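The data block below is input01.pdb; it holds PDB, C-alpha atoms.
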```pdb
ATOM      1  CA  MET A 125      63.560   8.391 -67.159
ATOM      2  CA  PRO A 126      60.815   5.774 -66.878
ATOM      3  CA  TYR A 127      57.305   7.068 -66.341
ATOM      4  CA  LYS A 128      54.487   5.398 -64.519
ATOM      5  CA  GLU A 129      51.943   3.872 -66.828
ATOM      6  CA  ILE A 130      48.997   6.127 -67.661
ATOM      7  CA  LYS A 131      45.747   4.652 -66.396
ATOM      8  CA  VAL A 132      43.016   4.477 -69.044
ATOM      9  CA  ILE A 133      39.328   4.237 -68.184
ATOM     10  CA  LYS A 134      36.222   4.237 -70.364
ATOM     11  CA  ASN A 135      34.186   7.370 -70.837
ATOM     12  CA  ASN A 136      30.595   7.712 -69.605
ATOM     13  CA  PRO A 137      28.590   8.482 -72.755
ATOM     14  CA  THR A 138      25.198   8.337 -71.000
ATOM     15  CA  LEU A 139      26.464  10.368 -67.995
ATOM     16  CA  LYS A 140      25.077   7.640 -65.734
ATOM     17  CA  GLY A 141      25.297   8.519 -62.045
ATOM     18  CA  MET A 142      25.848  12.215 -62.710
ATOM     19  CA  ALA A 143      23.458  15.013 -61.693
ATOM     20  CA  ARG A 144      22.950  18.658 -62.512
ATOM     21  CA  MET A 145      21.238  21.550 -60.780
ATOM     22  CA  ILE A 146      18.732  24.002 -62.250
ATOM     23  CA  PRO A 147      18.729  26.923 -59.792
ATOM     24  CA  ASP A 148      16.124  29.504 -58.862
ATOM     25  CA  VAL A 149      13.185  28.306 -60.937
ATOM     26  CA  VAL A 150      10.299  30.700 -60.273
ATOM     27  CA  PHE A 151       7.043  28.792 -59.901
ATOM     28  CA  SER A 152       4.685  31.435 -58.522
ATOM     29  CA  THR A 153       4.251  35.194 -58.301
ATOM     30  CA  ALA A 154       0.449  35.285 -58.189
ATOM     31  CA  GLN A 155       0.217  35.950 -54.434
ATOM     32  CA  GLY A 156       2.617  38.895 -54.537
ATOM     33  CA  VAL A 157       5.662  36.873 -53.469
ATOM     34  CA  GLU A 158       8.218  35.422 -55.870
ATOM     35  CA  LEU A 159       8.545  31.753 -54.995
ATOM     36  CA  LYS A 160      11.453  29.688 -56.280
ATOM     37  CA  MET A 161      12.574  26.092 -56.323
ATOM     38  CA  GLN A 162      15.945  24.440 -56.830
ATOM     39  CA  ILE A 163      15.760  21.435 -59.149
ATOM     40  CA  PHE A 164      18.226  18.548 -59.268
ATOM     41  CA  LYS A 165      18.026  15.941 -61.994
ATOM     42  CA  PRO A 166      20.077  13.218 -63.621
ATOM     43  CA  TRP A 167      22.594  14.761 -66.008
ATOM     44  CA  GLU A 168      21.726  12.934 -69.193
ATOM     45  CA  SER A 169      23.358  12.900 -72.595
ATOM     46  CA  PRO A 170      21.227  14.347 -75.438
ATOM     47  CA  GLU A 171      20.220  10.921 -76.721
ATOM     48  CA  ASN A 172      18.541  10.155 -73.350
ATOM     49  CA  GLU A 173      16.444  13.309 -73.128
ATOM     50  CA  GLN A 174      13.242  11.304 -73.643
ATOM     51  CA  ILE A 175      13.684   9.442 -70.349
ATOM     52  CA  ARG A 176      11.205  10.416 -67.607
ATOM     53  CA  TYR A 177      12.135  10.218 -63.934
ATOM     54  CA  PRO A 178      10.116  10.013 -60.708
ATOM     55  CA  LEU A 179       9.834  13.322 -58.835
ATOM     56  CA  ILE A 180      10.543  14.021 -55.165
ATOM     57  CA  VAL A 181       9.264  17.366 -53.884
ATOM     58  CA  PHE A 182      11.195  18.364 -50.742
ATOM     59  CA  VAL A 183      10.089  20.922 -48.126
ATOM     60  CA  GLN A 184      12.698  22.020 -45.597
ATOM     61  CA  GLY A 185      11.513  22.805 -42.080
ATOM     62  CA  SER A 186      11.323  26.505 -41.231
ATOM     63  CA  ALA A 187       8.646  26.837 -38.519
ATOM     64  CA  TRP A 188       6.353  27.767 -41.428
ATOM     65  CA  THR A 189       8.455  30.813 -42.266
ATOM     66  CA  PHE A 190      10.682  30.746 -45.377
ATOM     67  CA  PRO A 191      12.448  27.421 -46.064
ATOM     68  CA  ASP A 192      16.206  27.345 -46.641
ATOM     69  CA  VAL A 193      16.283  25.505 -49.961
ATOM     70  CA  TYR A 194      20.044  24.970 -49.678
ATOM     71  CA  TYR A 195      20.084  23.155 -46.321
ATOM     72  CA  GLU A 196      19.778  19.579 -47.628
ATOM     73  CA  ILE A 197      21.307  20.015 -51.088
ATOM     74  CA  PRO A 198      24.178  17.539 -50.484
ATOM     75  CA  GLN A 199      21.724  14.800 -49.509
ATOM     76  CA  LEU A 200      19.145  15.633 -52.185
ATOM     77  CA  ALA A 201      21.787  15.613 -54.933
ATOM     78  CA  GLN A 202      22.446  11.960 -54.077
ATOM     79  CA  PHE A 203      18.869  11.108 -55.079
ATOM     80  CA  ALA A 204      19.294  12.918 -58.400
ATOM     81  CA  ARG A 205      22.444  10.899 -59.109
ATOM     82  CA  GLU A 206      20.393   7.761 -58.512
ATOM     83  CA  GLY A 207      17.606   8.532 -60.967
ATOM     84  CA  TYR A 208      15.198  11.048 -59.432
ATOM     85  CA  VAL A 209      14.251  14.608 -60.199
ATOM     86  CA  VAL A 210      14.244  16.468 -56.875
ATOM     87  CA  ALA A 211      12.735  19.912 -56.323
ATOM     88  CA  THR A 212      13.269  21.723 -53.020
ATOM     89  CA  LEU A 213      10.973  24.716 -52.792
ATOM     90  CA  THR A 214       9.998  27.769 -50.790
ATOM     91  CA  HIS A 215       6.608  28.980 -49.654
ATOM     92  CA  ARG A 216       5.208  32.193 -48.224
ATOM     93  CA  ASN A 217       6.388  33.247 -44.767
ATOM     94  CA  SER A 218       3.717  33.192 -42.052
ATOM     95  CA  LEU A 219       5.553  36.022 -40.237
ATOM     96  CA  GLU A 220       5.023  38.312 -43.224
ATOM     97  CA  GLY A 221       1.231  38.349 -43.261
ATOM     98  CA  HIS A 222       0.572  34.966 -44.883
ATOM     99  CA  PRO A 223      -1.499  32.844 -42.476
ATOM    100  CA  PHE A 224      -2.464  29.220 -42.932
ATOM    101  CA  PRO A 225      -3.129  27.740 -45.476
ATOM    102  CA  ALA A 226      -0.712  29.921 -47.530
ATOM    103  CA  PHE A 227       2.272  27.564 -47.142
ATOM    104  CA  LEU A 228       0.164  24.556 -48.095
ATOM    105  CA  GLU A 229      -1.316  26.301 -51.123
ATOM    106  CA  ASP A 230       2.185  27.239 -52.291
ATOM    107  CA  VAL A 231       3.625  23.733 -52.037
ATOM    108  CA  LYS A 232       0.629  22.352 -53.914
ATOM    109  CA  THR A 233       1.121  25.064 -56.539
ATOM    110  CA  GLY A 234       4.747  23.948 -56.888
ATOM    111  CA  ILE A 235       3.662  20.354 -57.469
ATOM    112  CA  ARG A 236       1.227  21.435 -60.180
ATOM    113  CA  PHE A 237       3.896  23.649 -61.782
ATOM    114  CA  LEU A 238       6.218  20.660 -62.007
ATOM    115  CA  ARG A 239       3.524  18.522 -63.587
ATOM    116  CA  LYS A 240       2.826  21.279 -66.112
ATOM    117  CA  HIS A 241       6.541  21.382 -66.994
ATOM    118  CA  ALA A 242       7.108  17.634 -66.727
ATOM    119  CA  GLU A 243       8.513  17.319 -70.229
ATOM    120  CA  GLN A 244      10.966  20.191 -69.728
ATOM    121  CA  TYR A 245      12.391  18.678 -66.528
ATOM    122  CA  GLN A 246      12.094  15.009 -67.623
ATOM    123  CA  ILE A 247       9.516  14.219 -64.935
ATOM    124  CA  ASP A 248       7.128  11.297 -64.960
ATOM    125  CA  PRO A 249       3.962  13.109 -63.794
ATOM    126  CA  GLU A 250       2.440   9.835 -62.606
ATOM    127  CA  LYS A 251       5.295   9.239 -60.139
ATOM    128  CA  VAL A 252       5.350  12.177 -57.734
ATOM    129  CA  GLY A 253       6.077  12.036 -54.011
ATOM    130  CA  ILE A 254       6.703  14.525 -51.219
ATOM    131  CA  TRP A 255       9.247  14.571 -48.385
ATOM    132  CA  GLY A 256       9.513  17.144 -45.641
ATOM    133  CA  THR A 257      11.221  17.860 -42.331
ATOM    134  CA  SER A 258       9.684  19.507 -39.229
ATOM    135  CA  SER A 259       7.169  22.092 -40.490
ATOM    136  CA  GLY A 260       7.977  20.692 -43.936
ATOM    137  CA  GLY A 261       7.039  17.261 -42.614
ATOM    138  CA  ASN A 262       3.748  18.724 -41.443
ATOM    139  CA  THR A 263       3.294  20.141 -44.954
ATOM    140  CA  ALA A 264       4.126  16.794 -46.578
ATOM    141  CA  LEU A 265       1.510  15.059 -44.433
ATOM    142  CA  LEU A 266      -1.099  17.684 -45.317
ATOM    143  CA  VAL A 267      -0.321  17.349 -49.031
ATOM    144  CA  GLY A 268      -0.660  13.568 -48.832
ATOM    145  CA  LEU A 269      -3.958  13.774 -46.962
ATOM    146  CA  THR A 270      -5.574  16.514 -49.088
ATOM    147  CA  GLY A 271      -4.669  15.604 -52.668
ATOM    148  CA  ASP A 272      -6.557  17.847 -55.127
ATOM    149  CA  ALA A 273      -8.732  19.318 -52.360
ATOM    150  CA  ILE A 274     -10.505  22.318 -53.906
ATOM    151  CA  ARG A 275     -10.179  24.505 -50.796
ATOM    152  CA  TYR A 276      -6.366  24.438 -51.046
ATOM    153  CA  LYS A 277      -6.121  24.817 -54.820
ATOM    154  CA  THR A 278      -5.172  28.209 -56.221
ATOM    155  CA  GLU A 279      -5.861  29.253 -59.805
ATOM    156  CA  GLU A 280      -2.263  28.662 -60.882
ATOM    157  CA  TYR A 281      -1.961  25.511 -63.005
ATOM    158  CA  SER A 282      -5.345  24.413 -61.611
ATOM    159  CA  GLU A 283      -5.861  21.960 -64.450
ATOM    160  CA  TYR A 284      -3.036  19.808 -63.028
ATOM    161  CA  SER A 285      -3.127  17.505 -60.017
ATOM    162  CA  ASP A 286      -1.344  18.183 -56.724
ATOM    163  CA  ALA A 287      -1.905  14.641 -55.424
ATOM    164  CA  VAL A 288       1.140  12.498 -54.588
ATOM    165  CA  ARG A 289       1.963   8.790 -54.545
ATOM    166  CA  MET A 290       4.023   8.723 -51.344
ATOM    167  CA  VAL A 291       4.791  10.835 -48.258
ATOM    168  CA  VAL A 292       7.951  10.946 -46.141
ATOM    169  CA  ASP A 293       7.541  12.897 -42.895
ATOM    170  CA  CYS A 294      10.583  13.593 -40.729
ATOM    171  CA  PHE A 295       9.647  14.881 -37.246
ATOM    172  CA  GLY A 296       6.675  16.949 -38.406
ATOM    173  CA  PRO A 297       4.057  18.266 -35.926
ATOM    174  CA  THR A 298       0.768  16.413 -36.331
ATOM    175  CA  ASP A 299      -1.550  17.806 -33.619
ATOM    176  CA  LEU A 300      -1.097  21.407 -32.474
ATOM    177  CA  THR A 301      -4.554  21.760 -30.954
ATOM    178  CA  GLU A 302      -3.323  22.675 -27.476
ATOM    179  CA  ILE A 303      -1.107  25.452 -28.824
ATOM    180  CA  ILE A 304      -3.774  26.761 -31.198
ATOM    181  CA  ASN A 305      -6.287  26.981 -28.355
ATOM    182  CA  ASN A 306      -3.803  28.820 -26.121
ATOM    183  CA  ILE A 307      -1.662  31.022 -28.380
ATOM    184  CA  ALA A 308      -1.632  33.805 -25.785
ATOM    185  CA  LEU A 309      -0.052  31.474 -23.230
ATOM    186  CA  ILE A 310       2.751  29.887 -25.281
ATOM    187  CA  PRO A 311       6.422  31.006 -24.873
ATOM    188  CA  GLU A 312       7.226  34.431 -26.316
ATOM    189  CA  ASP A 313       9.712  33.072 -28.863
ATOM    190  CA  MET A 314       7.027  30.847 -30.411
ATOM    191  CA  LYS A 315       4.078  33.223 -30.141
ATOM    192  CA  PRO A 316       4.783  35.260 -33.341
ATOM    193  CA  ILE A 317       4.865  32.067 -35.436
ATOM    194  CA  PHE A 318       1.405  30.950 -34.385
ATOM    195  CA  GLU A 319       0.010  34.466 -34.436
ATOM    196  CA  GLY A 320       1.267  34.655 -38.016
ATOM    197  CA  LEU A 321      -0.273  31.310 -38.895
ATOM    198  CA  ARG A 322      -3.573  32.414 -37.358
ATOM    199  CA  GLY A 323      -3.748  35.953 -38.707
ATOM    200  CA  GLU A 324      -6.244  38.249 -37.039
ATOM    201  CA  ASP A 325      -7.401  36.945 -33.654
ATOM    202  CA  THR A 326     -10.903  35.792 -34.558
ATOM    203  CA  GLU A 327     -12.776  32.599 -33.785
ATOM    204  CA  GLY A 328     -13.051  31.948 -37.520
ATOM    205  CA  ASN A 329      -9.286  32.143 -38.001
ATOM    206  CA  ILE A 330      -8.641  29.906 -34.995
ATOM    207  CA  GLU A 331     -11.083  27.355 -36.372
ATOM    208  CA  LYS A 332      -9.395  27.486 -39.792
ATOM    209  CA  LEU A 333      -5.948  27.083 -38.216
ATOM    210  CA  ARG A 334      -7.030  23.808 -36.620
ATOM    211  CA  ASP A 335      -6.761  22.316 -40.092
ATOM    212  CA  ILE A 336      -2.978  22.673 -39.832
ATOM    213  CA  ASN A 337      -3.255  19.419 -37.835
ATOM    214  CA  PRO A 338      -2.777  16.470 -40.197
ATOM    215  CA  ILE A 339      -4.737  14.229 -37.823
ATOM    216  CA  ASN A 340      -7.837  16.346 -38.522
ATOM    217  CA  HIS A 341      -7.765  15.322 -42.196
ATOM    218  CA  ILE A 342      -7.651  11.543 -41.743
ATOM    219  CA  GLN A 343     -10.869   9.893 -42.918
ATOM    220  CA  TYR A 344     -11.585   6.251 -42.260
ATOM    221  CA  GLY A 345     -11.786   4.161 -45.404
ATOM    222  CA  LYS A 346     -10.441   6.877 -47.706
ATOM    223  CA  GLU A 347      -7.633   5.911 -50.074
ATOM    224  CA  TYR A 348      -4.304   7.564 -49.261
ATOM    225  CA  PRO A 349      -0.728   7.212 -50.538
ATOM    226  CA  PRO A 350       1.766   5.269 -48.392
ATOM    227  CA  PHE A 351       3.339   7.202 -45.498
ATOM    228  CA  LEU A 352       6.770   6.831 -43.913
ATOM    229  CA  ILE A 353       7.034   8.567 -40.522
ATOM    230  CA  LEU A 354      10.493   9.126 -38.991
ATOM    231  CA  GLN A 355      11.538  10.804 -35.745
ATOM    232  CA  GLY A 356      14.207  10.740 -33.067
ATOM    233  CA  ASN A 357      13.016   9.818 -29.597
ATOM    234  CA  GLN A 358      15.090  12.607 -28.018
ATOM    235  CA  ASP A 359      13.528  15.395 -30.091
ATOM    236  CA  ASP A 360      13.185  18.470 -27.846
ATOM    237  CA  MET A 361      11.293  20.605 -30.388
ATOM    238  CA  VAL A 362       8.538  18.270 -31.602
ATOM    239  CA  ASP A 363       7.517  15.639 -29.078
ATOM    240  CA  TYR A 364       8.067  12.065 -30.262
ATOM    241  CA  SER A 365       4.450  11.282 -29.405
ATOM    242  CA  GLN A 366       3.378  13.461 -32.360
ATOM    243  CA  SER A 367       4.767  10.889 -34.796
ATOM    244  CA  GLU A 368       3.340   7.962 -32.849
ATOM    245  CA  LEU A 369      -0.060   9.651 -32.870
ATOM    246  CA  ILE A 370      -0.359  10.050 -36.626
ATOM    247  CA  TYR A 371       1.208   6.653 -37.256
ATOM    248  CA  HIS A 372      -1.507   4.996 -35.175
ATOM    249  CA  ARG A 373      -4.287   7.150 -36.622
ATOM    250  CA  LEU A 374      -3.238   6.318 -40.177
ATOM    251  CA  LEU A 375      -3.129   2.595 -39.453
ATOM    252  CA  ASP A 376      -6.493   2.761 -37.670
ATOM    253  CA  ALA A 377      -7.972   4.410 -40.779
ATOM    254  CA  GLY A 378      -6.668   1.613 -43.010
ATOM    255  CA  ALA A 379      -3.808   3.595 -44.572
ATOM    256  CA  ASP A 380      -0.433   2.137 -45.520
ATOM    257  CA  ALA A 381       1.947   3.611 -42.926
ATOM    258  CA  SER A 382       5.382   2.714 -41.561
ATOM    259  CA  MET A 383       7.407   4.357 -38.804
ATOM    260  CA  ILE A 384      11.106   4.481 -37.951
ATOM    261  CA  CYS A 385      12.411   5.623 -34.556
ATOM    262  CA  VAL A 386      15.958   6.994 -34.525
ATOM    263  CA  ASP A 387      17.131   6.117 -31.040
ATOM    264  CA  GLY A 388      18.739   9.003 -29.167
ATOM    265  CA  ALA A 389      18.289  11.472 -32.031
ATOM    266  CA  PRO A 390      17.310  15.133 -31.574
ATOM    267  CA  HIS A 391      15.563  17.436 -34.030
ATOM    268  CA  GLU A 392      17.858  17.405 -37.145
ATOM    269  CA  GLY A 393      21.566  16.908 -36.271
ATOM    270  CA  SER A 394      22.440  13.307 -35.485
ATOM    271  CA  PHE A 395      19.003  12.232 -36.670
ATOM    272  CA  TRP A 396      20.622  11.920 -40.118
ATOM    273  CA  SER A 397      22.797   9.026 -41.248
ATOM    274  CA  ASN A 398      23.556   7.083 -44.409
ATOM    275  CA  GLU A 399      21.538   4.218 -42.947
ATOM    276  CA  LEU A 400      18.495   6.469 -42.546
ATOM    277  CA  LEU A 401      18.828   7.920 -46.050
ATOM    278  CA  GLY A 402      19.068   4.374 -47.369
ATOM    279  CA  LEU A 403      15.816   3.415 -45.643
ATOM    280  CA  ILE A 404      14.097   6.505 -47.017
ATOM    281  CA  LYS A 405      15.326   5.661 -50.511
ATOM    282  CA  GLU A 406      14.069   2.077 -50.203
ATOM    283  CA  PHE A 407      10.627   3.418 -49.349
ATOM    284  CA  ILE A 408      10.649   5.948 -52.199
ATOM    285  CA  ASP A 409      11.923   3.329 -54.664
ATOM    286  CA  HIS A 410       9.094   1.003 -53.663
ATOM    287  CA  CYS A 411       6.415   3.692 -54.021
ATOM    288  CA  LEU A 412       7.636   5.420 -57.193
ATOM    289  CA  SER A 413       9.169   2.575 -59.173
TER     290      SER A 413
END
```

Now, as a test, write the supplied structure out as structure tokens.
Amino acid sequence: MPYKEIKVIKNNPTLKGMARMIPDVVFSTAQGVELKMQIFKPWESPENEQIRYPLIVFVQGSAWTFPDVYYEIPQLAQFAREGYVVATLTHRNSLEGHPFPAFLEDVKTGIRFLRKHAEQYQIDPEKVGIWGTSSGGNTALLVGLTGDAIRYKTEEYSEYSDAVRMVVDCFGPTDLTEIINNIALIPEDMKPIFEGLRGEDTEGNIEKLRDINPINHIQYGKEYPPFLILQGNQDDMVDYSQSELIYHRLLDAGADASMICVDGAPHEGSFWSNELLGLIKEFIDHCLS
């Protein structure tokens, strides 16, 4: 009997467009909690192991508890297929006795760990950016505004920089002053989060917690990396005005900032689209190329 012709295609010797995952990389144990990251990178053939790629550090929103590093894997893998190393990482949980700035210290520690191991993971240490959602967006903003700040630098990998070259913030809180000043009066379901972020109820701890507000770190005339702010205007968890506020404050201070409104979008959910991911990638490409 006649058979259909066998289709022949060329092989892919450089593995271009392919990605691989390096799971459960431990980057810190110094604070008594084992912290891990999931790393995605281009899947290169042995002859291309000398190539170095830009790095995107991703922080998933968790209300400053313990980020689900698997939540955005399908989207993050796309960036690895297109030439980035992506690391999505955890941080200490504020509900388990780790008040602010524990989560910020941990994310900065993760950035320094990745710079220390840049050769192992094929990272270009000069091209590092951060992207976060919700509380992770808040963290990304803080990282961008406090690069190499001594007060947030732990002893781990302290000889390396935790500064970044770009920030992507998706619906992150930017000014929580009203909540911080009235923790006792906020809804019961939110109260444990902010009590955890504060720690013991002292004036000193309340004052320290005010630095969770990215707007408090903006200094006029200081050099900052570019910022991309994104939020849906139907967000019922973080008010849309939070993104407008920091966008305006950054521009007023002379920073390079852009903002995208996703019309009709809530917190997560239909906020996401291929169009939005494309705009984020354009921004990252521009900043890290």

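Relative to CA of Ser259 (chain A), CA of Ala273 (chain A) is found at 20.0 Å.
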
Calculated over only C-alpha atoms, which of the candidates A:Glu129, A:Asn135, A:Ile317, A:Ser258 has the smallest distance to Pro191 (chain A)?
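Among the listed residues, A:Ser258 lies closest to Pro191 (chain A).
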
What lies within 12 Å of Ser186 (chain A) using all atoms listed in the file, ignoring chain neighbours under 6 positions off, as a count of residues only?
22

For CA of Asp360 (chain A) and CA of Asp299 (chain A), determine how far apart the two atoms are, in Å to one decimal place.
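One can read the CA of Asp360 (chain A) to CA of Asp299 (chain A) distance as 15.8 Å.
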
Run the PyMOL selection byres ((chain A and resi 197) around 10) on the file and write out the hits as a ChimeraX atom specification.
/A:145,162-164,192-196,198-202,210,212

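With the shown file loaded, the PyMOL selection byres ((chain A and resi 232-239) around 8) picks out Phe151, Ser152, Val181, Leu213, Leu228, Glu229, Asp230, Val231, Lys240, His241, Ala242, Tyr245, Ile247, Pro249, Val267, Tyr276, Lys277, Thr278, Glu280, Tyr281, Ser282, Tyr284, Ser285 and Asp286 of chain A.
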
Could you state the separation of CA of Leu309 (chain A) and CA of Arg334 (chain A) in Å, given to one decimal place?
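Between CA of Leu309 (chain A) and CA of Arg334 (chain A) the gap is 16.9 Å.
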
Have a look at A:Ile330, A:Leu369, A:Leu269, A:Ala204 and name the one nearest to Glu168 (chain A); count all atoms listed in the file.
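Among A:Ile330, A:Leu369, A:Leu269, A:Ala204, it is A:Ala204 that comes nearest to Glu168 (chain A).
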
Please identify all polymer residues within 12 Å of Glu302 (chain A), counting only C-alpha atoms, omitting same-chain residues fewer than 4 positions from it, and present them as number ranges by chain.
A: 298, 306-310, 318, 330, 333-334, 337

Selection result of the PyMOL selection byres ((chain A and resi 363-367) around 12) on this file, as an MDAnalysis selection string
chainID A and resid 258 261:262 265 292:301 337:339 351:362 368:374 381:391

Report as a ChimeraX atom specification all protein, DNA and RNA residues lying within 8 Å of Gly141 (chain A), evaluated on all atoms listed in the file, omitting residues in the same chain fewer than 6 positions from it.
/A:166-167,205-207

Of the candidates A:Ala379, A:Leu321, A:Asn136, A:Trp255, which shows the shortest atom-to-atom distance to Phe407 (chain A), using only C-alpha atoms?
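Nearest to Phe407 (chain A): A:Trp255.
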
Any idea what's packed within 7 Å of Ile254 (chain A), counting only C-alpha atoms, ignoring anything in its chain fewer than 6 positions away? Could you give it as a PyMOL selection string?
chain A and resi 180-182+264+288+290-292

Return the single residue from A:Arg289, A:Arg176, A:Lys332, A:Lys405 that is closest to Asp380 (chain A), with distances computed using only C-alpha atoms.
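Nearest to Asp380 (chain A): A:Arg289.
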
When you look at Glu220 (chain A) with a cut-off of 12 Å (counting only C-alpha atoms), what residues show up, excluding the ones that are within fewer than 4 positions of it in the same chain? I need them as a list in words.
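Listed by chain and then number, they are Gly156, Val157, Trp188, Thr189, Phe190, His215, Arg216, Phe224, Ala226, Phe227, Pro316, Ile317, Glu319, Gly320, Leu321, Arg322 and Gly323 of chain A.
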
Generate the output file for the selected residues, C-alpha atoms, as a PDB file, in the coordinates of the input.
```
ATOM      1  CA  GLY A 156       2.617  38.895 -54.537  1.00  0.00           C
ATOM      2  CA  VAL A 157       5.662  36.873 -53.469  1.00  0.00           C
ATOM      3  CA  TRP A 188       6.353  27.767 -41.428  1.00  0.00           C
ATOM      4  CA  THR A 189       8.455  30.813 -42.266  1.00  0.00           C
ATOM      5  CA  PHE A 190      10.682  30.746 -45.377  1.00  0.00           C
ATOM      6  CA  HIS A 215       6.608  28.980 -49.654  1.00  0.00           C
ATOM      7  CA  ARG A 216       5.208  32.193 -48.224  1.00  0.00           C
ATOM      8  CA  PHE A 224      -2.464  29.220 -42.932  1.00  0.00           C
ATOM      9  CA  ALA A 226      -0.712  29.921 -47.530  1.00  0.00           C
ATOM     10  CA  PHE A 227       2.272  27.564 -47.142  1.00  0.00           C
ATOM     11  CA  PRO A 316       4.783  35.260 -33.341  1.00  0.00           C
ATOM     12  CA  ILE A 317       4.865  32.067 -35.436  1.00  0.00           C
ATOM     13  CA  GLU A 319       0.010  34.466 -34.436  1.00  0.00           C
ATOM     14  CA  GLY A 320       1.267  34.655 -38.016  1.00  0.00           C
ATOM     15  CA  LEU A 321      -0.273  31.310 -38.895  1.00  0.00           C
ATOM     16  CA  ARG A 322      -3.573  32.414 -37.358  1.00  0.00           C
ATOM     17  CA  GLY A 323      -3.748  35.953 -38.707  1.00  0.00           C
TER      18      GLY A 323
END
```

Between A:Met314, A:Ile342, A:Val150, A:Leu400, which is the closest to Thr270 (chain A) once you count only C-alpha atoms?
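Among the listed residues, A:Ile342 lies closest to Thr270 (chain A).
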
Nearest residue to Gln343 (chain A) out of A:Asn329, A:Pro223, A:Cys411, A:Ala377, using only C-alpha atoms?
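Nearest to Gln343 (chain A): A:Ala377.
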